[in-house]
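Q: Take a look at this one; I'll ask things after.
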Amino acid sequence: MGWSETRNAEKEHTGAVIPGQAVRSGTRHVPRSAHIDNGLFRTTPNNPATSTDGPGSEVEPRRVDDSMRFVGAATRRIARGMDLDEIVLGLCRATVPSFSDEILVYLRDPLPVGDERPASPFVLRLRRTDRLRPAGEHDGLFAPDADRAVLRPVPPGSALAEVLRGVRPVLGGSAAGRDALSWLLGPDCSLPDGHRAILAPLRGRRRVIGVAVFLRWDERPGFDPNDLLVAAQLVTHTALSLDKAVLYGREAYIAGELQRAMLPRSLPQPPGVKLAARYLPAAETARIGGDWYDAIPLPGSRVALVVGDVMGHSMTSAAIMGQLHTTAQTLAGLDLPPQEVLRRLDEQARRLGDDRMATCQCAVYDPVAHTITIANAGHPPPVLLHPGGRTEVLRVPPGAPIGVGGVEFEAVELAAPTGATLVLYTDGLVESRSRDVWTGIEQLRERAAATARLTGPDGEPSLEALCDDVLDVLGPGDRDDDIVILATRFEGIAPSDVAHWFLEPTYEAPGRARRLVRRTLADWSLEELADAAELLVSEIVTNAVRYAERPVTLRLLRTGVLRCEVGDDSTQLPRRRRARPTDETGRGLHVVNALAQRWGAADVSGGKVVWFELDLPRGAGARGTAPADGDVPG
């Protein structure tokens with residue numbers, strides 16, 4: 001097997017090495033003929049193109065041309081690396097056996113990034129070794145322990161420190177090179193004779209970040225001053241590439257952490273709806289993206305669903321995603337209509353810059369009314385999976401992307417049948433170099449339908465399984481963009497589990513509210529909660545009547561908990577305060593906080609809603625009929 005065949009057959013590992021990980025090393029088994037005559041640096045003892053050629057010889061220009069071609073090919077191979085290991089591997093593969101028989105690459109541990117101050121003391125870690133070992137002959141000058149990484153401290157003032165400070169490559173046969181090599185390789189290692197070693201510091205843009213050691217065995221002549229020039233060019237290109245890889249890796253890490261921090265760690269589980277989501281980062285070559293999703297509980301047991309995609313793949317895209325995501329959370333939490341959320345997002349994107357573009361889809365699901373309101377800003381349309389397996393791509397106004405400016409957004413209200421599933425997603429799922437977006441959407445629809453059929457005509461696919469199956473529409477090479485999937489199962493709240501009244505803002509309202517609550521809880525077989533619920537409702541309604549000018553709304557919902565909501569037209573949210581002994585008011589919210597399992601207040605269009613929740617007694621949940629407004633006298 002020739003050298004080229006051996007190289008192709010050898011597996012090249014490019015995974016990152018972290019502190020404490022084993023040293024990467026490679027061994028080449030090559031016929032002796034290939035070792036002696038490799039085409040660029042001919043090393044046969046009687047070959048005229050050796051270091052004995054003097055200036056002006058006929059072969060000198062040819063050797064210079066060969067060196068230039070070798071350096072050009074080697075630097076191109078080094079530059080192809082995307083991370084530290086790939087770059088170091090490129091240096092090793094380019095120089096063994098063409099330039100040396102063995103190479104050791106040490107990098108600073110830890111590697112400094114950009115302008116940050118390097119850690120002290122100066123420590124070198126053996127990152128990789130590579131050597132050519134003809135069968136049955138040479139075992140190499142230095143064989144590190146394969147089970148551990150090798151650390152070499154560099155004391156100030158040592159010979160190795162002086163070589164690194166000098167930056168230029170030195171021959172191992174020189175006084176400085178011999179002492180530095182002895183310190184670097186360790187006292188138990190036999191040093192090469194003569195000029196059979198080169199120590200070449202790896203200097204980045206600002207500082208030395210490592211050193212490469214090139215070694216030749218006895219079968220070929222040692223290095224000469226011309227080889228120092230070749231080594232200098234190799235390590236210069238390697239060091240600059242390593243600098244860029246470290247900076248890129250830090251940028252990608254920060255952007256990835258920023259993006260993951262902006263995504264919800266867990267989805268809420270509001271009544272009447274089930275949620276599941278998936279986030280899939282892009283492939284390694286384009287791993288920074290701007291996709292996001294969120295589910296925001298709203299007053300009235302509603303939930304806002306938001307999916308967005310910032311255009312581009314960079315740190316800037318991740319930062320813009322964070323700002324738009326936070327803005328969308330705030331706007332949706334204010335209970336603004338979906339089209340108004342998109343309009344204000346568009347204004348925010350324009351303030352961030354003329355080129356800040358994103359697509360977004362905002363939907364609000366009402367489990368009591370069994371409707372969903374959707375507004376779109378240049379985003380792919382959602383897919384609705386009906387009970388029984390029928391799927392459709394919803395017709396929603398396409399809208400212009402966020403950031404265009406001056407565009408009105410339109411919302412559409414659609415029926416949300418109980419048991420149906422809405423799938424929101426980003427374009428990375430349906431669009432790639434091998435297919436257009438509409439082909440991908442049709443494949444997504446078919447895949448969702450196939451998943452539903454597997455559960456049977458009366459069953460419902462698990463949301464988690466549905467998300468996983470939907471990802472199967474991705475084909476090879478379809479990971480150019482990150483992907484978000486947000487699946488929502490509409491369970492709704494049955495009319496028998498909802499009671500709703502309007503109360504005139506008079507002093508009789510709290511008493512009437514208490515009677516309505518007690519009667520309703522009796523019909524729902526929840527008498528155990530009646531005393532606590534009456535007291536809580538009385539406190540909240542009393543506070544609402546004090547400031548309201550229009551009728552106060554009172555609503556009870558029975559789901560996994562008992563939820564009570566009181567709405568009025570005052571925008572002043574209640575706040576707990578410390579009441580003085582002489583105060584006659586200010587203690588109501590302390591009572592609410594003590595008795596309710598959960599409570600809160602939220603702005604809504606034209607006023608506010610104050611709510612509280614009580615856990616149901618064990619075994620409760622029998623369905624009853626809520627009384628109408630006239631069932632209990634005011």
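How things are named: the first chain in the structure tokens is A, the next is B, and so on; residues count from 1 in each chain; ligands count from 1 in the order shown.
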Would you mind listing what lies within 12 Å of Glu431 (chain A) as a PyMOL selection string, with only C-alpha atoms counted and same-chain residues fewer than 2 positions away left out?
A: chain A and resi 380+425-429+433-444+473-475+477-483
Q: Atoms to include: N, CA, C and O atoms. Write the selected residues as an mmCIF file, in the first residue's frame.
A:
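Contents of the output file again-v6.cif:
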```cif
data_model
loop_
_atom_site.group_PDB
_atom_site.id
_atom_site.type_symbol
_atom_site.label_atom_id
_atom_site.label_comp_id
_atom_site.auth_asym_id
_atom_site.auth_seq_id
_atom_site.Cartn_x
_atom_site.Cartn_y
_atom_site.Cartn_z
ATOM 1 N N PRO A 380 -43.864 30.865 8.199
ATOM 2 C CA PRO A 380 -44.586 29.749 7.577
ATOM 3 C C PRO A 380 -45.899 29.476 8.301
ATOM 4 O O PRO A 380 -45.972 29.584 9.527
ATOM 5 N N TYR A 425 -43.897 26.252 13.945
ATOM 6 C CA TYR A 425 -42.528 25.827 13.651
ATOM 7 C C TYR A 425 -41.802 26.966 12.951
ATOM 8 O O TYR A 425 -42.412 27.966 12.533
ATOM 9 N N THR A 426 -40.493 26.819 12.807
ATOM 10 C CA THR A 426 -39.694 27.774 12.048
ATOM 11 C C THR A 426 -39.287 27.154 10.712
ATOM 12 O O THR A 426 -39.379 25.938 10.511
ATOM 13 N N ASP A 427 -38.804 28.003 9.802
ATOM 14 C CA ASP A 427 -38.565 27.540 8.431
ATOM 15 C C ASP A 427 -37.432 26.537 8.312
ATOM 16 O O ASP A 427 -37.313 25.855 7.293
ATOM 17 N N GLY A 428 -36.585 26.412 9.347
ATOM 18 C CA GLY A 428 -35.525 25.408 9.285
ATOM 19 C C GLY A 428 -36.053 23.998 9.177
ATOM 20 O O GLY A 428 -35.354 23.096 8.717
ATOM 21 N N LEU A 429 -37.314 23.780 9.602
ATOM 22 C CA LEU A 429 -37.909 22.444 9.527
ATOM 23 C C LEU A 429 -38.363 22.096 8.123
ATOM 24 O O LEU A 429 -38.358 20.917 7.741
ATOM 25 N N ARG A 433 -31.657 23.421 1.156
ATOM 26 C CA ARG A 433 -31.104 23.562 -0.202
ATOM 27 C C ARG A 433 -31.708 22.561 -1.175
ATOM 28 O O ARG A 433 -31.718 22.784 -2.376
ATOM 29 N N SER A 434 -32.226 21.457 -0.640
ATOM 30 C CA SER A 434 -32.733 20.409 -1.526
ATOM 31 C C SER A 434 -34.244 20.487 -1.759
ATOM 32 O O SER A 434 -34.775 19.716 -2.544
ATOM 33 N N ARG A 435 -34.949 21.397 -1.095
ATOM 34 C CA ARG A 435 -36.392 21.497 -1.280
ATOM 35 C C ARG A 435 -36.849 22.909 -0.935
ATOM 36 O O ARG A 435 -36.248 23.580 -0.099
ATOM 37 N N ASP A 436 -37.932 23.329 -1.588
ATOM 38 C CA ASP A 436 -38.484 24.642 -1.302
ATOM 39 C C ASP A 436 -39.414 24.556 -0.107
ATOM 40 O O ASP A 436 -39.779 23.474 0.366
ATOM 41 N N VAL A 437 -39.843 25.714 0.388
ATOM 42 C CA VAL A 437 -40.587 25.765 1.636
ATOM 43 C C VAL A 437 -41.951 25.097 1.516
ATOM 44 O O VAL A 437 -42.406 24.409 2.440
ATOM 45 N N TRP A 438 -42.633 25.250 0.377
ATOM 46 C CA TRP A 438 -43.972 24.670 0.252
ATOM 47 C C TRP A 438 -43.922 23.152 0.129
ATOM 48 O O TRP A 438 -44.805 22.448 0.621
ATOM 49 N N THR A 439 -42.875 22.639 -0.497
ATOM 50 C CA THR A 439 -42.694 21.182 -0.510
ATOM 51 C C THR A 439 -42.481 20.671 0.910
ATOM 52 O O THR A 439 -43.044 19.649 1.313
ATOM 53 N N GLY A 440 -41.667 21.389 1.691
ATOM 54 C CA GLY A 440 -41.435 20.987 3.068
ATOM 55 C C GLY A 440 -42.684 21.052 3.923
ATOM 56 O O GLY A 440 -42.918 20.191 4.776
ATOM 57 N N ILE A 441 -43.527 22.074 3.705
ATOM 58 C CA ILE A 441 -44.773 22.188 4.476
ATOM 59 C C ILE A 441 -45.707 21.032 4.169
ATOM 60 O O ILE A 441 -46.346 20.467 5.069
ATOM 61 N N GLU A 442 -45.783 20.643 2.898
ATOM 62 C CA GLU A 442 -46.640 19.513 2.537
ATOM 63 C C GLU A 442 -46.113 18.219 3.148
ATOM 64 O O GLU A 442 -46.891 17.377 3.617
ATOM 65 N N GLN A 443 -44.790 18.049 3.184
ATOM 66 C CA GLN A 443 -44.222 16.861 3.830
ATOM 67 C C GLN A 443 -44.502 16.871 5.334
ATOM 68 O O GLN A 443 -44.767 15.816 5.926
ATOM 69 N N LEU A 444 -44.450 18.038 5.933
ATOM 70 C CA LEU A 444 -44.774 18.149 7.349
ATOM 71 C C LEU A 444 -46.231 17.759 7.597
ATOM 72 O O LEU A 444 -46.543 17.019 8.549
ATOM 73 N N VAL A 473 -39.068 14.635 9.149
ATOM 74 C CA VAL A 473 -39.162 15.177 7.789
ATOM 75 C C VAL A 473 -37.833 15.736 7.335
ATOM 76 O O VAL A 473 -37.630 16.000 6.145
ATOM 77 N N LEU A 474 -36.896 15.920 8.279
ATOM 78 C CA LEU A 474 -35.576 16.415 7.902
ATOM 79 C C LEU A 474 -34.828 15.341 7.133
ATOM 80 O O LEU A 474 -34.802 14.177 7.520
ATOM 81 N N GLY A 475 -34.215 15.746 6.043
ATOM 82 C CA GLY A 475 -33.399 14.835 5.261
ATOM 83 C C GLY A 475 -31.927 15.121 5.461
ATOM 84 O O GLY A 475 -31.543 16.041 6.193
ATOM 85 N N GLY A 477 -28.466 16.717 5.175
ATOM 86 C CA GLY A 477 -28.078 18.057 4.773
ATOM 87 C C GLY A 477 -29.110 19.123 5.047
ATOM 88 O O GLY A 477 -28.959 20.264 4.594
ATOM 89 N N ASP A 478 -30.174 18.784 5.799
ATOM 90 C CA ASP A 478 -31.235 19.760 6.079
ATOM 91 C C ASP A 478 -31.022 20.478 7.403
ATOM 92 O O ASP A 478 -31.980 20.964 8.000
ATOM 93 N N ARG A 479 -29.797 20.570 7.876
ATOM 94 C CA ARG A 479 -29.533 21.212 9.155
ATOM 95 C C ARG A 479 -28.770 22.512 8.974
ATOM 96 O O ARG A 479 -27.881 22.849 9.741
ATOM 97 N N ASP A 480 -29.126 23.280 7.934
ATOM 98 C CA ASP A 480 -28.470 24.558 7.720
ATOM 99 C C ASP A 480 -28.992 25.630 8.668
ATOM 100 O O ASP A 480 -28.403 26.701 8.768
ATOM 101 N N ASP A 481 -30.103 25.388 9.311
ATOM 102 C CA ASP A 481 -30.733 26.387 10.166
ATOM 103 C C ASP A 481 -31.234 25.701 11.428
ATOM 104 O O ASP A 481 -31.491 24.497 11.430
ATOM 105 N N ASP A 482 -31.335 26.486 12.522
ATOM 106 C CA ASP A 482 -31.898 25.887 13.721
ATOM 107 C C ASP A 482 -33.407 25.751 13.561
ATOM 108 O O ASP A 482 -34.016 26.356 12.688
ATOM 109 N N ILE A 483 -33.996 24.936 14.426
ATOM 110 C CA ILE A 483 -35.397 24.535 14.258
ATOM 111 C C ILE A 483 -36.116 24.663 15.590
ATOM 112 O O ILE A 483 -35.577 24.287 16.640
#
```
Q: Which residue is closest to Val167 (chain A)? Choose from A:Gly290, A:Gly194, A:Gly210, A:Gly492 and count only C-alpha atoms.
A: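 Of A:Gly290, A:Gly194, A:Gly210, A:Gly492, the one nearest Val167 (chain A) is A:Gly210, counting only C-alpha atoms.
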Q: Do you know which residues are at most 9 Å from Gln361 (chain A) counting only C-alpha atoms, after dropping those on the same chain fewer than 5 positions away, and could you put them as a PyMOL selection string?
A: chain A and resi 305-308+338+342+374-382+424
Q: What residues in region 224-354 of chain A get the DSSP label strand (DSSP E or B)? Please answer as a list in words.
A: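 Put together, the selection reads Val273, Lys274, Leu275, Ala276, Ala277, Arg278, Tyr279, Leu280, Asp291, Trp292, Tyr293, Asp294, Ala295, Ile296, Pro297, Leu298, Arg302, Val303, Ala304, Leu305, Val306, Val307, Gly308, Asp309 and Val310 of chain A.
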Q: Keeping only N, CA, C and O atoms, take the residues you just selected and write them out as an mmCIF file, in the first residue's frame.
A:
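And here is the file that came out, part_39.cif:
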```cif
data_model
loop_
_atom_site.group_PDB
_atom_site.id
_atom_site.type_symbol
_atom_site.label_atom_id
_atom_site.label_comp_id
_atom_site.auth_asym_id
_atom_site.auth_seq_id
_atom_site.Cartn_x
_atom_site.Cartn_y
_atom_site.Cartn_z
ATOM 1 N N VAL A 273 -55.214 23.179 28.036
ATOM 2 C CA VAL A 273 -54.265 23.072 26.934
ATOM 3 C C VAL A 273 -53.057 22.260 27.390
ATOM 4 O O VAL A 273 -52.696 22.262 28.566
ATOM 5 N N LYS A 274 -52.471 21.523 26.459
ATOM 6 C CA LYS A 274 -51.210 20.817 26.690
ATOM 7 C C LYS A 274 -50.188 21.331 25.690
ATOM 8 O O LYS A 274 -50.519 21.607 24.532
ATOM 9 N N LEU A 275 -48.941 21.418 26.136
ATOM 10 C CA LEU A 275 -47.893 22.006 25.314
ATOM 11 C C LEU A 275 -46.673 21.105 25.284
ATOM 12 O O LEU A 275 -46.359 20.414 26.258
ATOM 13 N N ALA A 276 -45.970 21.112 24.154
ATOM 14 C CA ALA A 276 -44.686 20.429 24.010
ATOM 15 C C ALA A 276 -43.878 21.200 22.981
ATOM 16 O O ALA A 276 -44.432 21.824 22.070
ATOM 17 N N ALA A 277 -42.573 21.173 23.124
ATOM 18 C CA ALA A 277 -41.716 21.954 22.218
ATOM 19 C C ALA A 277 -40.410 21.218 21.988
ATOM 20 O O ALA A 277 -39.990 20.370 22.779
ATOM 21 N N ARG A 278 -39.781 21.564 20.882
ATOM 22 C CA ARG A 278 -38.452 21.073 20.555
ATOM 23 C C ARG A 278 -37.628 22.236 20.000
ATOM 24 O O ARG A 278 -38.128 23.042 19.226
ATOM 25 N N TYR A 279 -36.362 22.270 20.426
ATOM 26 C CA TYR A 279 -35.404 23.185 19.810
ATOM 27 C C TYR A 279 -34.214 22.369 19.338
ATOM 28 O O TYR A 279 -33.627 21.606 20.113
ATOM 29 N N LEU A 280 -33.861 22.503 18.075
ATOM 30 C CA LEU A 280 -32.763 21.748 17.484
ATOM 31 C C LEU A 280 -31.785 22.740 16.884
ATOM 32 O O LEU A 280 -32.123 23.458 15.930
ATOM 33 N N ASP A 291 -33.754 31.443 16.394
ATOM 34 C CA ASP A 291 -35.104 30.923 16.584
ATOM 35 C C ASP A 291 -35.485 30.954 18.060
ATOM 36 O O ASP A 291 -34.648 30.697 18.929
ATOM 37 N N TRP A 292 -36.754 31.249 18.332
ATOM 38 C CA TRP A 292 -37.234 31.216 19.702
ATOM 39 C C TRP A 292 -38.709 30.823 19.723
ATOM 40 O O TRP A 292 -39.397 30.859 18.703
ATOM 41 N N TYR A 293 -39.173 30.455 20.905
ATOM 42 C CA TYR A 293 -40.579 30.125 21.111
ATOM 43 C C TYR A 293 -40.946 30.474 22.553
ATOM 44 O O TYR A 293 -40.072 30.615 23.415
ATOM 45 N N ASP A 294 -42.230 30.591 22.807
ATOM 46 C CA ASP A 294 -42.673 30.860 24.169
ATOM 47 C C ASP A 294 -44.167 30.582 24.275
ATOM 48 O O ASP A 294 -44.893 30.600 23.269
ATOM 49 N N ALA A 295 -44.615 30.303 25.490
ATOM 50 C CA ALA A 295 -46.031 30.150 25.822
ATOM 51 C C ALA A 295 -46.276 30.966 27.080
ATOM 52 O O ALA A 295 -45.619 30.733 28.103
ATOM 53 N N ILE A 296 -47.184 31.943 27.002
ATOM 54 C CA ILE A 296 -47.385 32.904 28.078
ATOM 55 C C ILE A 296 -48.828 32.816 28.568
ATOM 56 O O ILE A 296 -49.754 33.108 27.802
ATOM 57 N N PRO A 297 -49.054 32.386 29.813
ATOM 58 C CA PRO A 297 -50.422 32.363 30.346
ATOM 59 C C PRO A 297 -50.998 33.777 30.421
ATOM 60 O O PRO A 297 -50.314 34.732 30.804
ATOM 61 N N LEU A 298 -52.270 33.909 30.071
ATOM 62 C CA LEU A 298 -52.954 35.194 30.059
ATOM 63 C C LEU A 298 -54.175 35.142 30.966
ATOM 64 O O LEU A 298 -54.645 34.045 31.320
ATOM 65 N N ARG A 302 -56.511 31.995 29.225
ATOM 66 C CA ARG A 302 -56.009 31.927 27.863
ATOM 67 C C ARG A 302 -54.489 31.761 27.873
ATOM 68 O O ARG A 302 -53.835 31.907 28.913
ATOM 69 N N VAL A 303 -53.913 31.463 26.713
ATOM 70 C CA VAL A 303 -52.474 31.308 26.595
ATOM 71 C C VAL A 303 -52.028 31.881 25.253
ATOM 72 O O VAL A 303 -52.685 31.673 24.223
ATOM 73 N N ALA A 304 -50.938 32.653 25.286
ATOM 74 C CA ALA A 304 -50.349 33.210 24.067
ATOM 75 C C ALA A 304 -49.218 32.299 23.610
ATOM 76 O O ALA A 304 -48.369 31.882 24.412
ATOM 77 N N LEU A 305 -49.200 31.969 22.326
ATOM 78 C CA LEU A 305 -48.185 31.115 21.717
ATOM 79 C C LEU A 305 -47.390 31.959 20.730
ATOM 80 O O LEU A 305 -47.968 32.569 19.832
ATOM 81 N N VAL A 306 -46.065 31.992 20.896
ATOM 82 C CA VAL A 306 -45.215 32.830 20.048
ATOM 83 C C VAL A 306 -44.064 31.988 19.527
ATOM 84 O O VAL A 306 -43.402 31.272 20.284
ATOM 85 N N VAL A 307 -43.827 32.085 18.213
ATOM 86 C CA VAL A 307 -42.674 31.454 17.576
ATOM 87 C C VAL A 307 -42.049 32.490 16.657
ATOM 88 O O VAL A 307 -42.758 33.162 15.902
ATOM 89 N N GLY A 308 -40.724 32.637 16.728
ATOM 90 C CA GLY A 308 -40.047 33.637 15.907
ATOM 91 C C GLY A 308 -38.723 33.144 15.383
ATOM 92 O O GLY A 308 -38.156 32.164 15.880
ATOM 93 N N ASP A 309 -38.205 33.846 14.380
ATOM 94 C CA ASP A 309 -36.951 33.464 13.731
ATOM 95 C C ASP A 309 -36.260 34.728 13.242
ATOM 96 O O ASP A 309 -36.736 35.393 12.314
ATOM 97 N N VAL A 310 -35.140 35.081 13.869
ATOM 98 C CA VAL A 310 -34.337 36.220 13.426
ATOM 99 C C VAL A 310 -33.471 35.772 12.260
ATOM 100 O O VAL A 310 -32.846 34.713 12.298
#
```
Q: Determine which residues of region 313-403 of chain A receive a DSSP assignment of alpha helix (DSSP H), computed from the backbone, and state them as a ChimeraX atom specification.
A: /A:315-333,338-352
Q: For Thr488 (chain A), which residue out of A:Tyr253, A:Trp183, A:Phe70, A:Tyr365 is the nearest one, using only C-alpha atoms?
A: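 Answer, going by the shortest atom-to-atom distance: A:Tyr365.
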Q: Between CA of Pro495 (chain A) and CA of Val368 (chain A), what is the distance in Å, rounded to a tenth?
A: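 Interatomic distance, CA of Pro495 (chain A) to CA of Val368 (chain A): 7.4 Å.
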Q: Which distance in Å separates CA of Ile372 (chain A) and CA of Leu414 (chain A), to one decimal?
A: 5.4 Å
Q: I'd like the interatomic distance between CA of Arg265 (chain A) and CA of Val484 (chain A), to a tenth of an Å.
A: 14.0 Å
Q: Need to verify the contact set: region 153-161 of chain A, 10 Å, only C-alpha atoms, exclusion of same-chain residues closer than 6 positions in sequence. Can you return it as an MDAnalysis selection string?
A: chainID A and resid 108:109 121:125 175:184 199 201 211
Q: Tell me which protein, DNA and RNA residues are within 7 Å of region 551-566 of chain A, counting only C-alpha atoms, leaving out same-chain ones fewer than 6 positions away, and put them as a ChimeraX atom specification.
A: /A:271,497-505,541,609-616
Q: Hey, what's within 9 Å of Ala239 (chain A) if we count only C-alpha atoms and toss same-chain stuff fewer than 2 positions away? As a VMD selection string, please?
A: chain A and resid 201 to 205 208 to 210 234 to 237 241 to 244
